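S.K.: Next up is a structure, given as structure tokens.
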Amino acid sequence: MNDKGKIVTGLVIFAALVSFPFWYNLGKAAPPPEVVLTDKAKAAKECVLPKDEIRTEHMQLLDVWRDTQVRDGQTVYINAKGKSYIMSLSNTCLDCHSNYKDFCDRCHVYASVDPYCFDCHIDNPKETK
Amino acid sequence: MERSRREFLKIAGASAAIGLGAGQVMEAVAAATNHQAAPEAQVAHQPEALKATRWGMVVDTRKIESAEQIEKMVEACHKEHNVPMLEEERHRIKWIWETHFHNAFPSQATDRVSEHLEHILLPVMCNHCENPPCVRACPTKATFKRESDGIVMMDFHRCIGCRFCMAACPYGSRSFNFRDPKPFIPEINKAYPTRMKGVVEKCNFCVERLAVGKLPACVEVSDGILTFGDLNDPESEVSKLLKENYAIRRKTNLGTGPSVYYIV
């Protein structure tokens, strides 16, 4: 066992490297995002679903909307409270929440999700050539 | 390690039982956690929506006088649907466009076509066939025929860009986005989504306008050249026009059953 020193050094370096992301980012946890509501959204007071539900389930809702609207041709969504909305991401959701950068993107960037809805449903050209 | 046949069968049976049981447990868990976005919610049509059992269009070629009339329809449609203006012919996206009689009706055109027909340009678009070959070709059901009103539609979300539908369509009514179309849209209509690179698009008989009680964009600016209505309703304007006039359809010998008629 003459290589004890080398082995220990190697182990220390290995442990340091493996744990690098942890201690490097220590105390730098990104704060949870704060979304900005537009005046229109504030004035409306409530969304299509209650706040907690729309926060966690807007993707499921949009998925249902997409199929109902495009494939079944039905365009009106009547929520549990009896209020009706036109099922349209472009014309209903993004009409109130017209601040893409300060609303949609805040959480999507934080959660590192990249939904492709916005490739077509808002005016943000990606490819210029 | 030696194992008797009996022992082997025991282990195999036990694992199979565990496996089957696990499947059921998983299903139960999935059912319990499956989100149902607002169970009490309902969907409906807009009250002002136009309804029909088979939408169709009649093109009165006798009323066509100039190419500008067709240009106007093309412009109205392409503006409404965010169709890009691409210079290069092979990249061009067309929902409705103009063509000569002998191109639109290759089997009907003889060497002596009436002077009027020979000189005018006809508007052509998706024929919203009764038996659409594009729908049969689509592997993802991105293009489908809406059973309620016979409109052949595209679900851009599902299109994988394989272009089988383009090969299947005998009218060339479908265009493929070889490039990202957004930079080439002169003026974006935010009410209608744009498309992305790699999807096929075509005329949709303005479903989004019918849903809010409006006639298709091209019909509105057509000066009476185009008439739109329910082919299954004998009282509709299109049915009346077809009763009183001789009309032809494009490439009927292929059995697609187009819903766009041309009075010649």
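Each chain in the structure tokens gets a letter, A, B and so on, in the order shown; residues start at 1 in every chain, and ligands are counted from 1 in the order they appear.
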Restrict the distance test to only C-alpha atoms, flag each residue of chain A within 9 Å of chain B, and return the flagged residues as a tab-separated table (two decimals) with C-alpha atoms, in the first residue's frame.
M.R.:
```tsv
chain	number	residue	atom	x	y	z
A	49	LEU	CA	-60.37	28.30	-13.70
A	53	GLU	CA	-56.12	25.14	-10.75
A	54	ILE	CA	-55.15	27.29	-13.69
A	57	GLU	CA	-53.49	22.60	-14.90
A	58	HIS	CA	-53.48	25.19	-17.66
A	60	GLN	CA	-54.21	20.09	-19.57
A	61	LEU	CA	-56.95	22.64	-20.11
A	64	VAL	CA	-58.53	19.80	-24.15
A	66	ARG	CA	-57.10	22.46	-28.66
A	67	ASP	CA	-58.84	19.21	-29.51
A	68	THR	CA	-62.34	20.49	-28.84
A	70	VAL	CA	-59.83	22.25	-33.79
A	71	ARG	CA	-61.24	18.79	-34.14
A	72	ASP	CA	-64.80	19.02	-32.79
A	73	GLY	CA	-65.39	22.57	-33.94
A	74	GLN	CA	-66.89	23.72	-30.66
A	75	THR	CA	-65.62	27.09	-29.66
A	76	VAL	CA	-67.22	28.05	-26.36
A	77	TYR	CA	-66.04	26.85	-22.96
A	78	ILE	CA	-68.43	27.24	-20.05
A	79	ASN	CA	-66.62	26.93	-16.74
A	80	ALA	CA	-67.98	25.54	-13.49
A	81	LYS	CA	-69.29	28.99	-12.55
A	82	GLY	CA	-71.28	29.18	-15.75
A	84	SER	CA	-68.34	31.26	-21.00
A	86	ILE	CA	-64.00	31.41	-26.42
A	87	MET	CA	-61.55	28.51	-26.45
A	90	SER	CA	-54.37	33.47	-29.15
A	91	ASN	CA	-57.63	35.31	-28.66
A	117	CYS	CA	-47.39	26.78	-28.34
A	119	ASP	CA	-44.02	29.12	-32.05
A	120	CYS	CA	-47.29	29.94	-33.74
A	121	HIS	CA	-49.61	31.58	-31.25
A	122	ILE	CA	-47.78	34.84	-30.71
A	123	ASP	CA	-45.82	37.22	-32.76
A	124	ASN	CA	-42.26	36.21	-31.93
A	125	PRO	CA	-40.25	35.27	-35.00
A	126	LYS	CA	-37.58	32.77	-34.07
A	127	GLU	CA	-35.87	31.99	-37.33
A	128	THR	CA	-34.90	35.04	-39.31
A	129	LYS	CA	-33.32	33.47	-42.35
```
S.K.: Using only C-alpha atoms, which residues sit within 12 Å of Glu89 (chain B) once same-chain residues fewer than 4 positions away are excluded, as a count of residues only?
M.R.: 6
S.K.: List as a list of chain:residue names the protein and nucleic acid residues near Ser173 (chain B), meaning an atom at most 7 Å away when only C-alpha atoms are counted, but skip any in the same chain fewer than 5 places from it.
M.R.: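 That gives B:Trp95, B:Met125, B:Cys126, B:Lys202.
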S.K.: As a PyMOL selection string, please: every residue in chain A that a backbone DSSP assignment puts in helix (DSSP H, G or I).
M.R.: chain A and resi 4-24+39-44+51-71+89-96+104-110+116-119
S.K.: When DSSP works through the backbone of this structure, what residues of region 3-92 of chain A end up as strand (DSSP E), shown as a list in words?
M.R.: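 Restricting region 3-92 of chain A to strand (DSSP E) produces Val76, Tyr77, Ile78, Ser84, Tyr85 and Ile86 of chain A.
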S.K.: Export C-alpha atoms of the chosen residues as a PDB file, in the first residue's frame?
M.R.:
```pdb
ATOM      1  CA  VAL A  76     -67.216  28.049 -26.362  1.00  0.00           C
ATOM      2  CA  TYR A  77     -66.042  26.852 -22.962  1.00  0.00           C
ATOM      3  CA  ILE A  78     -68.425  27.245 -20.055  1.00  0.00           C
ATOM      4  CA  SER A  84     -68.337  31.260 -20.996  1.00  0.00           C
ATOM      5  CA  TYR A  85     -65.100  31.867 -22.826  1.00  0.00           C
ATOM      6  CA  ILE A  86     -63.998  31.413 -26.420  1.00  0.00           C
TER       7      ILE A  86
END
```
S.K.: Quick check, in Å to one decimal: how far apart do CA of Asp105 (chain A) and CA of Asp39 (chain A) lie?
M.R.: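 These two atoms are separated by 18.0 Å.
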S.K.: Between CA of Ser66 (chain B) and CA of Glu220 (chain B), what is the distance, to one decimal in Å?
M.R.: 17.2 Å
S.K.: If you count only C-alpha atoms, which residues fall within 9 Å of region 24-33 of chain A, apart from same-chain ones fewer than 5 positions away, as a VMD selection string?
M.R.: chain A and resid 19 106 to 107 110
S.K.: Report as an NGL selection string all protein, DNA and RNA residues lying within 9 Å of Val36 (chain A), evaluated on only C-alpha atoms, omitting residues in the same chain fewer than 5 positions from it.
M.R.: :A and (97 or 99 or 102-103 or 106)
S.K.: Quick one, how far is CA of Ala76 (chain B) from CA of Val221 (chain B)?
M.R.: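 Spanning CA of Ala76 (chain B) to CA of Val221 (chain B) is a straight-line distance of 7.4 Å.
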S.K.: Please provide the set of residues having any atom within 7 Å of Trp97 (chain B), restricted to only C-alpha atoms, with same-chain residues fewer than 6 positions apart removed, written as a list of chain:residue names.
M.R.: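 Residues near the query, excluding close chain neighbours: B:Val74, B:Pro123, B:Val124, B:Met125.
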S.K.: Could the residues in this selection be saved with C-alpha atoms as a CSV table (one decimal), in the first residue's frame?
M.R.:
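Result went into result-v1.csv, see below:
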```
chain,number,residue,atom,x,y,z
B,74,VAL,CA,-56.3,35.7,-52.7
B,123,PRO,CA,-59.9,30.8,-58.6
B,124,VAL,CA,-58.9,27.3,-57.3
B,125,MET,CA,-58.5,26.0,-53.8
```
